[in-house]
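Pasting entry_3.pdb here (PDB, C-alpha atoms and all ligand atoms):
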```
ATOM      1  CA  MET O   1     -22.470 -62.203 -82.026
ATOM      2  CA  GLY O   2     -20.781 -61.569 -85.386
ATOM      3  CA  VAL O   3     -22.359 -62.913 -88.559
ATOM      4  CA  SER O   4     -20.149 -65.226 -90.563
ATOM      5  CA  LEU O   5     -19.935 -64.153 -94.210
ATOM      6  CA  SER O   6     -18.821 -66.154 -97.248
ATOM      7  CA  CYS O   7     -17.282 -64.399-100.208
ATOM      8  CA  TRP O   8     -18.414 -64.743-103.804
ATOM      9  CA  PRO O   9     -17.012 -65.653-106.285
ATOM     10  CA  PRO O  10     -15.338 -68.352-104.153
ATOM     11  CA  ALA O  11     -11.811 -67.493-105.355
ATOM     12  CA  PRO O  12     -10.613 -64.933-102.763
ATOM     13  CA  GLU O  13      -8.711 -62.770-105.277
ATOM     14  CA  GLN O  14     -12.044 -61.928-106.913
ATOM     15  CA  GLU O  15     -13.830 -61.041-103.670
ATOM     16  CA  ARG O  16     -16.845 -58.951-104.571
ATOM     17  CA  TYR O  17     -19.902 -60.093-102.618
ATOM     18  CA  LEU O  18     -20.128 -61.215 -99.006
ATOM     19  CA  ALA O  19     -23.180 -63.263 -98.134
ATOM     20  CA  ARG O  20     -24.547 -64.658 -94.915
ATOM     21  CA  CYS O  21     -26.298 -67.989 -94.648
ATOM     22  CA  PHE O  22     -30.071 -67.671 -95.196
ATOM     23  CA  ALA O  23     -32.362 -69.369 -92.641
ATOM     24  CA  GLY O  24     -30.171 -68.620 -89.643
ATOM     25  CA  ASP O  25     -31.825 -65.372 -88.602
ATOM     26  CA  ILE O  26     -35.288 -64.446 -87.331
ATOM     27  CA  ALA O  27     -35.525 -61.884 -90.186
ATOM     28  CA  ASP O  28     -35.483 -64.788 -92.660
ATOM     29  CA  LEU O  29     -38.995 -65.757 -91.560
ATOM     30  CA  ASP O  30     -40.123 -62.343 -92.827
ATOM     31  CA  ILE O  31     -39.033 -63.057 -96.409
ATOM     32  CA  ASN O  32     -42.233 -63.645 -98.363
ATOM     33  CA  PHE O  33     -41.592 -66.143-101.156
ATOM     34  CA  ASP O  34     -45.024 -65.372-102.672
ATOM     35  CA  LEU O  35     -43.920 -61.863-103.686
ATOM     36  CA  PRO O  36     -43.422 -61.152-107.401
ATOM     37  CA  ARG O  37     -39.955 -62.415-108.281
ATOM     38  CA  PRO O  38     -38.148 -59.057-108.649
ATOM     39  CA  GLU O  39     -39.456 -57.961-105.216
ATOM     40  CA  LEU O  40     -38.442 -61.279-103.672
ATOM     41  CA  VAL O  41     -34.921 -61.124-105.116
ATOM     42  CA  THR O  42     -34.495 -57.567-103.807
ATOM     43  CA  SER O  43     -35.625 -58.595-100.325
ATOM     44  CA  LEU O  44     -33.187 -61.537-100.324
ATOM     45  CA  LEU O  45     -30.284 -59.407-101.581
ATOM     46  CA  SER O  46     -30.895 -56.620 -99.080
ATOM     47  CA  SER O  47     -31.280 -59.077 -96.220
ATOM     48  CA  CYS O  48     -28.298 -61.389 -96.816
ATOM     49  CA  LEU O  49     -25.723 -59.550 -98.928
ATOM     50  CA  HIS O  50     -23.012 -57.318 -97.527
ATOM     51  CA  HIS O  51     -20.461 -54.935 -99.011
ATOM     52  CA  SER O  52     -16.793 -55.813 -98.517
ATOM     53  CA  ASP O  53     -16.711 -53.518 -95.428
ATOM     54  CA  GLY O  54     -19.448 -55.697 -93.867
ATOM     55  CA  GLU O  55     -22.269 -53.165 -94.394
ATOM     56  CA  LEU O  56     -25.586 -54.629 -95.628
ATOM     57  CA  VAL O  57     -26.459 -53.694 -99.195
ATOM     58  CA  ASN O  58     -29.300 -51.258 -99.560
ATOM     59  CA  ALA O  59     -32.566 -52.443-101.176
ATOM     60  CA  ARG O  60     -32.937 -49.249-103.212
ATOM     61  CA  SER O  61     -29.516 -49.646-104.812
ATOM     62  CA  THR O  62     -30.167 -53.269-105.844
ATOM     63  CA  TRP O  63     -32.996 -52.085-108.143
ATOM     64  CA  GLN O  64     -30.324 -50.345-110.201
ATOM     65  CA  TRP O  65     -28.122 -53.464-110.392
ATOM     66  CA  THR O  66     -28.201 -55.285-113.707
ATOM     67  CA  VAL O  67     -30.132 -58.550-113.820
ATOM     68  CA  SER O  68     -26.769 -60.271-114.149
ATOM     69  CA  GLU O  69     -25.401 -58.612-110.975
ATOM     70  CA  ARG O  70     -28.545 -59.546-109.080
ATOM     71  CA  LEU O  71     -28.123 -63.165-110.161
ATOM     72  CA  GLN O  72     -24.508 -63.139-108.917
ATOM     73  CA  GLY O  73     -25.780 -61.798-105.581
ATOM     74  CA  LEU O  74     -28.327 -64.596-105.396
ATOM     75  CA  LEU O  75     -25.625 -67.153-106.260
ATOM     76  CA  ALA O  76     -23.571 -65.758-103.367
ATOM     77  CA  ILE O  77     -26.484 -66.235-100.937
ATOM     78  CA  ALA O  78     -27.307 -69.731-102.241
ATOM     79  CA  ASN O  79     -23.656 -70.769-102.031
ATOM     80  CA  ALA O  80     -23.441 -69.534 -98.414
ATOM     81  CA  SER O  81     -26.737 -71.245 -97.483
ATOM     82  CA  ILE O  82     -27.153 -74.405 -99.546
ATOM     83  CA  GLY O  83     -23.580 -75.129-100.623
ATOM     84  CA  ASN O  84     -21.970 -75.292-104.027
ATOM     85  CA  THR O  85     -24.347 -77.665-105.818
ATOM     86  CA  SER O  86     -27.926 -77.425-106.949
ATOM     87  CA  THR O  87     -29.974 -79.909-108.972
ATOM     88  CA  ALA O  88     -32.082 -78.987-111.981
ATOM     89  CA  ILE O  89     -34.649 -81.438-113.368
ATOM     90  CA  ALA O  90     -35.370 -81.693-117.092
ATOM     91  CA  THR O  91     -37.569 -83.972-119.200
ATOM     92  CA  CYS O  92     -36.129 -85.520-122.374
ATOM     93  CA  SER O  93     -37.822 -84.091-125.479
ATOM     94  CA  ASN O  94     -37.707 -87.457-127.290
ATOM     95  CA  GLU O  95     -41.381 -88.613-127.392
ATOM     96  CA  LEU O  96     -40.326 -92.254-126.996
ATOM     97  CA  CYS O  97     -38.083 -91.559-124.027
ATOM     98  CA  ARG O  98     -39.466 -88.697-121.885
ATOM     99  CA  GLY O  99     -36.836 -89.602-119.288
ATOM    100  CA  THR O 100     -36.345 -87.397-116.237
ATOM    101  CA  VAL O 101     -32.824 -86.038-116.282
ATOM    102  CA  GLU O 102     -31.182 -84.653-113.153
ATOM    103  CA  LEU O 103     -28.517 -82.042-113.755
ATOM    104  CA  GLU O 104     -26.031 -81.444-110.961
ATOM    105  CA  LEU O 105     -25.033 -77.807-111.261
ATOM    106  CA  GLU O 106     -21.917 -76.481-109.612
ATOM    107  CA  LEU O 107     -22.721 -72.935-108.511
ATOM    108  CA  ALA O 108     -19.057 -71.851-108.625
ATOM    109  CA  SER O 109     -19.070 -72.516-112.380
ATOM    110  CA  PHE O 110     -21.559 -69.656-112.771
ATOM    111  CA  ALA O 111     -19.442 -67.105-110.912
ATOM    112  CA  SER O 112     -18.679 -64.209-113.189
ATOM    113  CA  ALA O 113     -17.202 -60.748-113.076
ATOM    114  CA  PRO O 114     -19.717 -57.916-113.417
ATOM    115  CA  VAL O 115     -21.173 -57.643-116.890
ATOM    116  CA  ILE O 116     -20.944 -54.169-118.476
ATOM    117  CA  ALA O 117     -23.995 -51.960-117.894
ATOM    118  CA  LYS O 118     -24.213 -50.649-121.469
ATOM    119  CA  MET O 119     -22.997 -51.947-124.819
ATOM    120  CA  ASP O 120     -22.691 -50.679-128.396
ATOM    121  CA  TRP O 121     -25.149 -52.324-130.723
ATOM    122  CA  LEU O 122     -25.341 -52.301-134.532
ATOM    123  CA  SER O 123     -28.816 -52.459-135.991
ATOM    124  CA  PRO O 124     -29.514 -54.802-138.948
ATOM    125  CA  ARG O 125     -29.245 -51.573-141.038
ATOM    126  CA  GLY O 126     -25.715 -51.033-139.717
ATOM    127  CA  GLU O 127     -26.468 -48.001-137.531
ATOM    128  CA  LYS O 128     -24.875 -47.740-134.108
ATOM    129  CA  PHE O 129     -26.981 -47.485-130.949
ATOM    130  CA  PHE O 130     -26.370 -48.001-127.254
ATOM    131  CA  CYS O 131     -28.115 -50.802-125.417
ATOM    132  CA  ARG O 132     -28.441 -50.804-121.633
ATOM    133  CA  LEU O 133     -28.433 -54.139-119.863
ATOM    134  CA  PRO O 134     -31.722 -54.721-118.029
ATOM    135  CA  THR O 135     -31.787 -53.850-114.326
ATOM    136  CA  GLY O 136     -33.916 -55.024-111.437
ATOM    137  CA  GLN O 137     -36.120 -51.968-112.002
ATOM    138  CA  ASP O 138     -36.682 -53.048-115.640
ATOM    139  CA  GLN O 139     -37.732 -56.493-114.405
ATOM    140  CA  ARG O 140     -40.049 -54.943-111.860
ATOM    141  CA  ASP O 141     -41.733 -52.800-114.553
ATOM    142  CA  TRP O 142     -41.897 -55.821-116.844
ATOM    143  CA  TYR O 143     -43.734 -57.866-114.197
ATOM    144  CA  LYS O 144     -46.266 -55.067-113.836
ATOM    145  CA  HIS O 145     -46.777 -54.863-117.600
ATOM    146  CA  ILE O 146     -47.150 -58.620-118.155
ATOM    147  CA  GLN O 147     -50.611 -58.284-116.638
ATOM    148  CA  HIS O 148     -51.500 -55.984-119.550
ATOM    149  CA  SER O 149     -50.142 -58.557-122.025
ATOM    150  CA  VAL O 150     -47.363 -56.373-123.382
ATOM    151  CA  ASP O 151     -45.045 -58.353-125.654
ATOM    152  CA  GLU O 152     -41.298 -58.754-125.252
ATOM    153  CA  SER O 153     -40.533 -55.959-127.730
ATOM    154  CA  TRP O 154     -41.767 -53.407-125.182
ATOM    155  CA  PHE O 155     -39.127 -54.622-122.726
ATOM    156  CA  ILE O 156     -36.334 -54.697-125.284
ATOM    157  CA  ALA O 157     -37.205 -51.340-126.906
ATOM    158  CA  ARG O 158     -36.749 -49.443-123.641
ATOM    159  CA  LEU O 159     -33.157 -50.683-123.361
ATOM    160  CA  LEU O 160     -32.129 -49.070-126.633
ATOM    161  CA  GLU O 161     -30.724 -45.541-126.692
ATOM    162  CA  ALA O 162     -29.945 -43.327-129.684
ATOM    163  CA  THR O 163     -26.423 -41.968-130.228
ATOM    164  CA  PRO O 164     -25.788 -38.343-131.321
ATOM    165  CA  ASP O 165     -25.768 -39.594-134.950
ATOM    166  CA  THR O 166     -28.732 -41.951-134.933
ATOM    167  CA  GLN O 167     -32.433 -41.754-134.234
ATOM    168  CA  LEU O 168     -34.581 -44.569-132.919
ATOM    169  CA  PRO O 169     -37.491 -45.676-135.107
ATOM    170  CA  ALA O 170     -40.906 -45.088-133.520
ATOM    171  CA  GLU O 171     -41.498 -48.838-133.462
ATOM    172  CA  LEU O 172     -38.721 -51.409-133.517
ATOM    173  CA  PRO O 173     -38.829 -53.808-136.501
ATOM    174  CA  VAL O 174     -39.042 -57.503-135.611
ATOM    175  CA  ASP O 175     -35.536 -58.281-136.908
ATOM    176  CA  TRP O 176     -34.161 -55.589-134.574
ATOM    177  CA  ILE O 177     -35.867 -57.174-131.578
ATOM    178  CA  ASP O 178     -34.507 -60.622-132.494
ATOM    179  CA  SER O 179     -31.010 -59.311-133.053
ATOM    180  CA  LEU O 180     -31.028 -57.312-129.806
ATOM    181  CA  GLY O 181     -32.299 -60.320-127.875
ATOM    182  CA  ALA O 182     -29.418 -62.409-129.269
ATOM    183  CA  SER O 183     -26.834 -59.702-128.414
ATOM    184  CA  LEU O 184     -28.139 -59.474-124.834
ATOM    185  CA  ALA O 185     -27.953 -63.272-124.476
ATOM    186  CA  ASP O 186     -24.322 -63.199-125.717
ATOM    187  CA  VAL O 187     -23.304 -60.605-123.140
ATOM    188  CA  ASP O 188     -25.231 -62.248-120.294
ATOM    189  CA  PRO O 189     -25.589 -65.998-120.999
ATOM    190  CA  LEU O 190     -26.729 -66.897-117.458
ATOM    191  CA  THR O 191     -30.053 -65.058-117.320
ATOM    192  CA  ALA O 192     -31.524 -67.288-120.030
ATOM    193  CA  LEU O 193     -29.199 -70.244-119.484
ATOM    194  CA  THR O 194     -29.223 -73.130-121.961
ATOM    195  CA  LEU O 195     -27.146 -76.257-121.283
ATOM    196  CA  ALA O 196     -26.314 -78.775-124.009
ATOM    197  CA  ILE O 197     -26.378 -82.347-122.676
ATOM    198  CA  ASP O 198     -26.944 -85.894-123.940
ATOM    199  CA  CYS O 199     -29.937 -87.711-122.463
ATOM    200  CA  PRO O 200     -28.542 -90.514-120.228
ATOM    201  CA  PHE O 201     -31.436 -92.825-121.271
ATOM    202  CA  CYS O 202     -31.679 -92.443-125.065
ATOM    203  CA  ALA O 203     -28.479 -90.456-125.815
ATOM    204  CA  GLN O 204     -30.421 -87.795-127.688
ATOM    205  CA  ALA O 205     -28.726 -84.384-127.684
ATOM    206  CA  LEU O 206     -30.794 -81.968-125.577
ATOM    207  CA  ASN O 207     -30.724 -78.236-125.042
ATOM    208  CA  VAL O 208     -31.977 -77.736-121.529
ATOM    209  CA  GLU O 209     -33.181 -74.274-120.537
ATOM    210  CA  VAL O 210     -32.359 -73.719-116.885
ATOM    211  CA  ASP O 211     -33.991 -70.911-114.946
ATOM    212  CA  LEU O 212     -31.076 -70.479-112.595
ATOM    213  CA  GLU O 213     -32.751 -67.680-110.626
ATOM    214  CA  TRP O 214     -35.805 -69.840-109.948
ATOM    215  CA  LEU O 215     -33.621 -72.801-108.967
ATOM    216  CA  LEU O 216     -31.729 -70.718-106.393
ATOM    217  CA  ILE O 217     -34.935 -69.176-105.041
ATOM    218  CA  ASP O 218     -36.471 -72.628-104.722
ATOM    219  CA  GLY O 219     -33.468 -73.869-102.708
ATOM    220  CA  LEU O 220     -33.817 -70.928-100.311
ATOM    221  CA  ARG O 221     -37.580 -71.432-100.102
ATOM    222  CA  SER O 222     -36.948 -75.031 -98.917
ATOM    223  CA  LEU O 223     -34.639 -73.743 -96.188
ATOM    224  CA  GLN O 224     -37.336 -71.367 -94.951
ATOM    225  CA  ARG O 225     -39.896 -74.203 -95.023
ATOM    226  CA  ARG O 226     -37.557 -76.368 -92.921
ATOM    227  CA  MET O 227     -37.025 -73.462 -90.501
ATOM    228  CA  ILE O 228     -40.797 -72.990 -90.056
ATOM    229  CA  GLU O 229     -41.248 -76.736 -89.562
ATOM    230  CA  GLN O 230     -38.549 -76.787 -86.864
ATOM    231  CA  VAL O 231     -40.031 -73.773 -85.070
ATOM    232  CA  HIS O 232     -43.439 -75.448 -85.181
ATOM    233  CA  CYS O 233     -42.184 -78.744 -83.697
ATOM    234  CA  LEU O 234     -39.993 -77.199 -80.981
ATOM    235  CA  ALA O 235     -42.525 -74.517 -80.016
ATOM    236  CA  SER O 236     -45.334 -77.104 -79.774
ATOM    237  CA  HIS O 237     -43.268 -79.227 -77.426
ATOM    238  CA  TYR O 238     -41.056 -76.887 -75.412
ATOM    239  CA  HIS O 239     -43.154 -73.696 -75.743
ATOM    240  CA  TRP O 240     -40.041 -71.663 -76.574
ATOM    241  CA  SER O 241     -40.509 -68.469 -78.559
ATOM    242  CA  GLU O 242     -39.977 -68.306 -82.299
ATOM    243  CA  LYS O 243     -37.071 -65.932 -81.724
ATOM    244  CA  ASP O 244     -35.324 -68.234 -79.230
ATOM    245  CA  ILE O 245     -35.709 -71.286 -81.466
ATOM    246  CA  VAL O 246     -34.301 -69.507 -84.514
ATOM    247  CA  ALA O 247     -31.398 -68.194 -82.416
ATOM    248  CA  LEU O 248     -30.277 -71.791 -81.785
ATOM    249  CA  PRO O 249     -27.617 -73.034 -84.202
ATOM    250  CA  GLN O 250     -28.993 -75.484 -86.754
ATOM    251  CA  TRP O 251     -27.142 -78.457 -85.194
ATOM    252  CA  ARG O 252     -28.727 -77.795 -81.802
ATOM    253  CA  ARG O 253     -32.207 -77.485 -83.274
ATOM    254  CA  GLU O 254     -31.604 -80.872 -84.895
ATOM    255  CA  LYS O 255     -30.418 -82.447 -81.616
ATOM    256  CA  TYR O 256     -33.638 -81.375 -79.875
ATOM    257  CA  LEU O 257     -35.741 -82.604 -82.769
ATOM    258  CA  ALA O 258     -33.927 -85.954 -82.753
ATOM    259  CA  ARG O 259     -34.583 -86.155 -79.010
ATOM    260  CA  LEU O 260     -38.307 -85.550 -79.638
ATOM    261  CA  VAL O 261     -38.390 -88.321 -82.239
ATOM    262  CA  GLU O 262     -36.649 -90.703 -79.783
ATOM    263  CA  GLY O 263     -39.286 -89.897 -77.171
ATOM    264  CA  LEU O 264     -42.164 -90.826 -79.482
TER     265      LEU O 264
HETATM  266 ZN    ZN O 301     -34.064 -89.403-123.639
END
```

In structure tokens, write the structure found in this file.
Ligand SMILES: [Zn+2]
Amino acid sequence: MGVSLSCWPPAPEQERYLARCFAGDIADLDINFDLPRPELVTSLLSSCLHHSDGELVNARSTWQWTVSERLQGLLAIANASIGNTSTAIATCSNELCRGTVELELELASFASAPVIAKMDWLSPRGEKFFCRLPTGQDQRDWYKHIQHSVDESWFIARLLEATPDTQLPAELPVDWIDSLGASLADVDPLTALTLAIDCPFCAQALNVEVDLEWLLIDGLRSLQRRMIEQVHCLASHYHWSEKDIVALPQWRREKYLARLVEGL
């Protein structure tokens, strides 16, 4: 049986990623959502994402993808599995309001062409350096170092490279770190996404920080939870194997479950 793949970004002329729907395969029960985030994202990418020739992407190569590329891959999987919309929840910062604001996000609006892997960067002193964009491997190392309470400058400093005419200072000054952080956010606005909205309750202007990666992961986690729940109910009643239940199309699983509910 062939796997049906959806392309991402949705406009066919930009075809770049092909993703299968998560939670339709027995292998999807093996994805451990308790893994550290970089490991989890790699396991999702290497399980659901295909090259344009249909070949599955290789886990090792996704560590070298930029954080931005990895997010596009995750968007592709979420779009194929959950559909084009996702809801983020924010709380209004106005002390007197504290309203809960639901933001309907259209995933297609976050589709972007690959971000460059390296950029020129001018230090506050006007010297030119190169700055790499962080990769999955950088994130993985960062997660390991967080436990040793290393500050953000450690992460940013390793992205900077000297040019033949410049030398890196032994320790990066604070204004360099701030300026580099701002340049990285300009090149890749989705990784630390901020949306400007007006609160629907008190009309106060809000800047909502959306962790898009977490939101997509959470949507996929819910699909796995539903899958486990369905296997549990059908296996308890019909004594079918996990593999056979997962092999059923979603609509058929639902028909059997509806039949069980009717029988109660
Ligand atoms: Zn408000």

### Task
Give me the result of the PyMOL selection byres (((not hetatm)) within 7 of (chain O and resi 301)) on this file, residue by residue, as a PyMOL selection string.
chain O and resi 92-94+97-99+199-204

### Task
Step by step, work through what the PyMOL selection byres (((chain O and resi 256) around 12) and not hetatm) selects in the shown file, and finish by giving those residues as a list in words.
Gln230, Val231, Cys233, Leu234, Ala235, His237, Tyr238, Ile245, Leu248, Pro249, Gln250, Trp251, Arg252, Arg253, Glu254, Lys255, Leu257, Ala258, Arg259, Leu260, Val261, Glu262 and Gly263 of chain O

Those selected residues, please, written with C-alpha atoms and delivered as a PDB file, in the frame of the given file.
```pdb
ATOM      1  CA  GLN O 230     -38.549 -76.787 -86.864  1.00  0.00           C
ATOM      2  CA  VAL O 231     -40.031 -73.773 -85.070  1.00  0.00           C
ATOM      3  CA  CYS O 233     -42.184 -78.744 -83.697  1.00  0.00           C
ATOM      4  CA  LEU O 234     -39.993 -77.199 -80.981  1.00  0.00           C
ATOM      5  CA  ALA O 235     -42.525 -74.517 -80.016  1.00  0.00           C
ATOM      6  CA  HIS O 237     -43.268 -79.227 -77.426  1.00  0.00           C
ATOM      7  CA  TYR O 238     -41.056 -76.887 -75.412  1.00  0.00           C
ATOM      8  CA  ILE O 245     -35.709 -71.286 -81.466  1.00  0.00           C
ATOM      9  CA  LEU O 248     -30.277 -71.791 -81.785  1.00  0.00           C
ATOM     10  CA  PRO O 249     -27.617 -73.034 -84.202  1.00  0.00           C
ATOM     11  CA  GLN O 250     -28.993 -75.484 -86.754  1.00  0.00           C
ATOM     12  CA  TRP O 251     -27.142 -78.457 -85.194  1.00  0.00           C
ATOM     13  CA  ARG O 252     -28.727 -77.795 -81.802  1.00  0.00           C
ATOM     14  CA  ARG O 253     -32.207 -77.485 -83.274  1.00  0.00           C
ATOM     15  CA  GLU O 254     -31.604 -80.872 -84.895  1.00  0.00           C
ATOM     16  CA  LYS O 255     -30.418 -82.447 -81.616  1.00  0.00           C
ATOM     17  CA  LEU O 257     -35.741 -82.604 -82.769  1.00  0.00           C
ATOM     18  CA  ALA O 258     -33.927 -85.954 -82.753  1.00  0.00           C
ATOM     19  CA  ARG O 259     -34.583 -86.155 -79.010  1.00  0.00           C
ATOM     20  CA  LEU O 260     -38.307 -85.550 -79.638  1.00  0.00           C
ATOM     21  CA  VAL O 261     -38.390 -88.321 -82.239  1.00  0.00           C
ATOM     22  CA  GLU O 262     -36.649 -90.703 -79.783  1.00  0.00           C
ATOM     23  CA  GLY O 263     -39.286 -89.897 -77.171  1.00  0.00           C
TER      24      GLY O 263
END
```

For segment 25-97 of chain O against segment 135-149 of chain O, with a cut-off of 8 Å and counting only C-alpha atoms, what is the closest atom pair and its distance in Å to one decimal for every residue that makes the cut, ordered by chain and number, as JSON lines?
```
{"residue": "O:Pro36", "atom": "CA", "partner": "O:Tyr143", "partner_atom": "CA", "distance": 7.6}
{"residue": "O:Pro38", "atom": "CA", "partner": "O:Arg140", "partner_atom": "CA", "distance": 5.6}
{"residue": "O:Glu39", "atom": "CA", "partner": "O:Arg140", "partner_atom": "CA", "distance": 7.3}
{"residue": "O:Thr62", "atom": "CA", "partner": "O:Gly136", "partner_atom": "CA", "distance": 7.0}
{"residue": "O:Trp63", "atom": "CA", "partner": "O:Gly136", "partner_atom": "CA", "distance": 4.5}
{"residue": "O:Gln64", "atom": "CA", "partner": "O:Thr135", "partner_atom": "CA", "distance": 5.6}
{"residue": "O:Trp65", "atom": "CA", "partner": "O:Thr135", "partner_atom": "CA", "distance": 5.4}
{"residue": "O:Thr66", "atom": "CA", "partner": "O:Thr135", "partner_atom": "CA", "distance": 3.9}
{"residue": "O:Val67", "atom": "CA", "partner": "O:Thr135", "partner_atom": "CA", "distance": 5.0}
{"residue": "O:Arg70", "atom": "CA", "partner": "O:Gly136", "partner_atom": "CA", "distance": 7.4}
```

## Note on the structure
From atom CA of Glu104 of chain O to atom CA of Thr87 of chain O the spacing works out at 4.7 Å

### Message
I'd like to know which of O:Ile156, O:Ile228, O:Asp120, O:Ala90 is closest to Leu195 of chain O, using all atoms listed in the file.
### Response
O:Ala90

### Message
Under the rule that only C-alpha atoms are counted, which of O:Thr91, O:Leu184, O:Ile217, O:Ala205 is the nearest residue to Leu45 of chain O?
### Response
O:Ile217

For the file shown, report as an mmCIF file with C-alpha atoms, keeping the file's coordinate frame the outcome of the PyMOL selection byres (((chain O and resi 105) around 8) and not hetatm) at residue level.
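Contents of out-v6.cif, as written:
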```cif
data_model
loop_
_atom_site.group_PDB
_atom_site.id
_atom_site.type_symbol
_atom_site.label_atom_id
_atom_site.label_comp_id
_atom_site.auth_asym_id
_atom_site.auth_seq_id
_atom_site.Cartn_x
_atom_site.Cartn_y
_atom_site.Cartn_z
ATOM 1 C CA THR O 85 -24.347 -77.665 -105.818
ATOM 2 C CA SER O 86 -27.926 -77.425 -106.949
ATOM 3 C CA THR O 87 -29.974 -79.909 -108.972
ATOM 4 C CA ALA O 88 -32.082 -78.987 -111.981
ATOM 5 C CA LEU O 103 -28.517 -82.042 -113.755
ATOM 6 C CA GLU O 104 -26.031 -81.444 -110.961
ATOM 7 C CA GLU O 106 -21.917 -76.481 -109.612
ATOM 8 C CA LEU O 107 -22.721 -72.935 -108.511
#
```

### Message
Using all atoms listed in the file and a cutoff of 10 Å, can you tell me which residues are near (-31.7, -57.9, -101.8) in the file's coordinates, and write them out as an MDAnalysis selection string?
### Response
chainID O and resid 38:50 56:63 70 73:74 77

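One distance worth recording is that between atom CA of Ala80 of chain O and atom CA of Leu35 of chain O, which is 22.5 Å.
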
### Message
With 12 Å as the threshold, what does the neighbourhood of (-25.5, -56.6, -139.1) contain in terms of residues, counting all atoms listed in the file? Coordinates are those of the file; answer as a ChimeraX atom specification.
### Response
/O:121-128,175-176,178-180,183

If I only have part of segment 105-118 of chain O, can you fill in N, CA and C atoms and write it as a PDB file, in the frame of the given file?
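New file result_38.pdb:
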```pdb
ATOM      1  N   LEU O 105     -25.681 -79.051-110.857  1.00  0.00           N
ATOM      2  CA  LEU O 105     -25.033 -77.807-111.261  1.00  0.00           C
ATOM      3  C   LEU O 105     -24.087 -77.331-110.165  1.00  0.00           C
ATOM      4  N   GLU O 106     -22.872 -76.995-110.579  1.00  0.00           N
ATOM      5  CA  GLU O 106     -21.917 -76.481-109.612  1.00  0.00           C
ATOM      6  C   GLU O 106     -22.020 -74.953-109.617  1.00  0.00           C
ATOM      7  N   LEU O 107     -22.463 -74.385-108.517  1.00  0.00           N
ATOM      8  CA  LEU O 107     -22.721 -72.935-108.511  1.00  0.00           C
ATOM      9  C   LEU O 107     -21.470 -72.130-108.848  1.00  0.00           C
ATOM     10  N   ALA O 108     -20.296 -72.615-108.378  1.00  0.00           N
ATOM     11  CA  ALA O 108     -19.057 -71.851-108.625  1.00  0.00           C
ATOM     12  C   ALA O 108     -18.801 -71.685-110.120  1.00  0.00           C
ATOM     13  N   SER O 109     -19.319 -72.626-110.942  1.00  0.00           N
ATOM     14  CA  SER O 109     -19.070 -72.516-112.380  1.00  0.00           C
ATOM     15  C   SER O 109     -19.854 -71.359-112.994  1.00  0.00           C
ATOM     16  N   PHE O 110     -20.782 -70.788-112.247  1.00  0.00           N
ATOM     17  CA  PHE O 110     -21.559 -69.656-112.771  1.00  0.00           C
ATOM     18  C   PHE O 110     -21.056 -68.307-112.248  1.00  0.00           C
ATOM     19  N   ALA O 111     -19.987 -68.363-111.453  1.00  0.00           N
ATOM     20  CA  ALA O 111     -19.442 -67.105-110.912  1.00  0.00           C
ATOM     21  C   ALA O 111     -18.885 -66.287-112.068  1.00  0.00           C
ATOM     22  N   SER O 112     -19.249 -65.024-112.117  1.00  0.00           N
ATOM     23  CA  SER O 112     -18.679 -64.209-113.189  1.00  0.00           C
ATOM     24  C   SER O 112     -18.436 -62.799-112.703  1.00  0.00           C
ATOM     25  N   ALA O 113     -17.504 -62.152-113.373  1.00  0.00           N
ATOM     26  CA  ALA O 113     -17.202 -60.748-113.076  1.00  0.00           C
ATOM     27  C   ALA O 113     -18.409 -59.925-113.525  1.00  0.00           C
ATOM     28  N   PRO O 114     -18.556 -58.714-113.012  1.00  0.00           N
ATOM     29  CA  PRO O 114     -19.717 -57.916-113.417  1.00  0.00           C
ATOM     30  C   PRO O 114     -19.764 -57.701-114.928  1.00  0.00           C
ATOM     31  N   VAL O 115     -20.957 -57.868-115.469  1.00  0.00           N
ATOM     32  CA  VAL O 115     -21.173 -57.643-116.890  1.00  0.00           C
ATOM     33  C   VAL O 115     -21.310 -56.125-117.076  1.00  0.00           C
ATOM     34  N   ILE O 116     -20.826 -55.603-118.203  1.00  0.00           N
ATOM     35  CA  ILE O 116     -20.944 -54.169-118.476  1.00  0.00           C
ATOM     36  C   ILE O 116     -22.412 -53.713-118.400  1.00  0.00           C
ATOM     37  N   ALA O 117     -22.624 -52.449-118.052  1.00  0.00           N
ATOM     38  CA  ALA O 117     -23.995 -51.960-117.894  1.00  0.00           C
ATOM     39  C   ALA O 117     -24.587 -51.482-119.216  1.00  0.00           C
ATOM     40  N   LYS O 118     -23.723 -51.176-120.193  1.00  0.00           N
ATOM     41  CA  LYS O 118     -24.213 -50.649-121.469  1.00  0.00           C
ATOM     42  C   LYS O 118     -23.294 -51.139-122.581  1.00  0.00           C
TER      43      LYS O 118
END
```
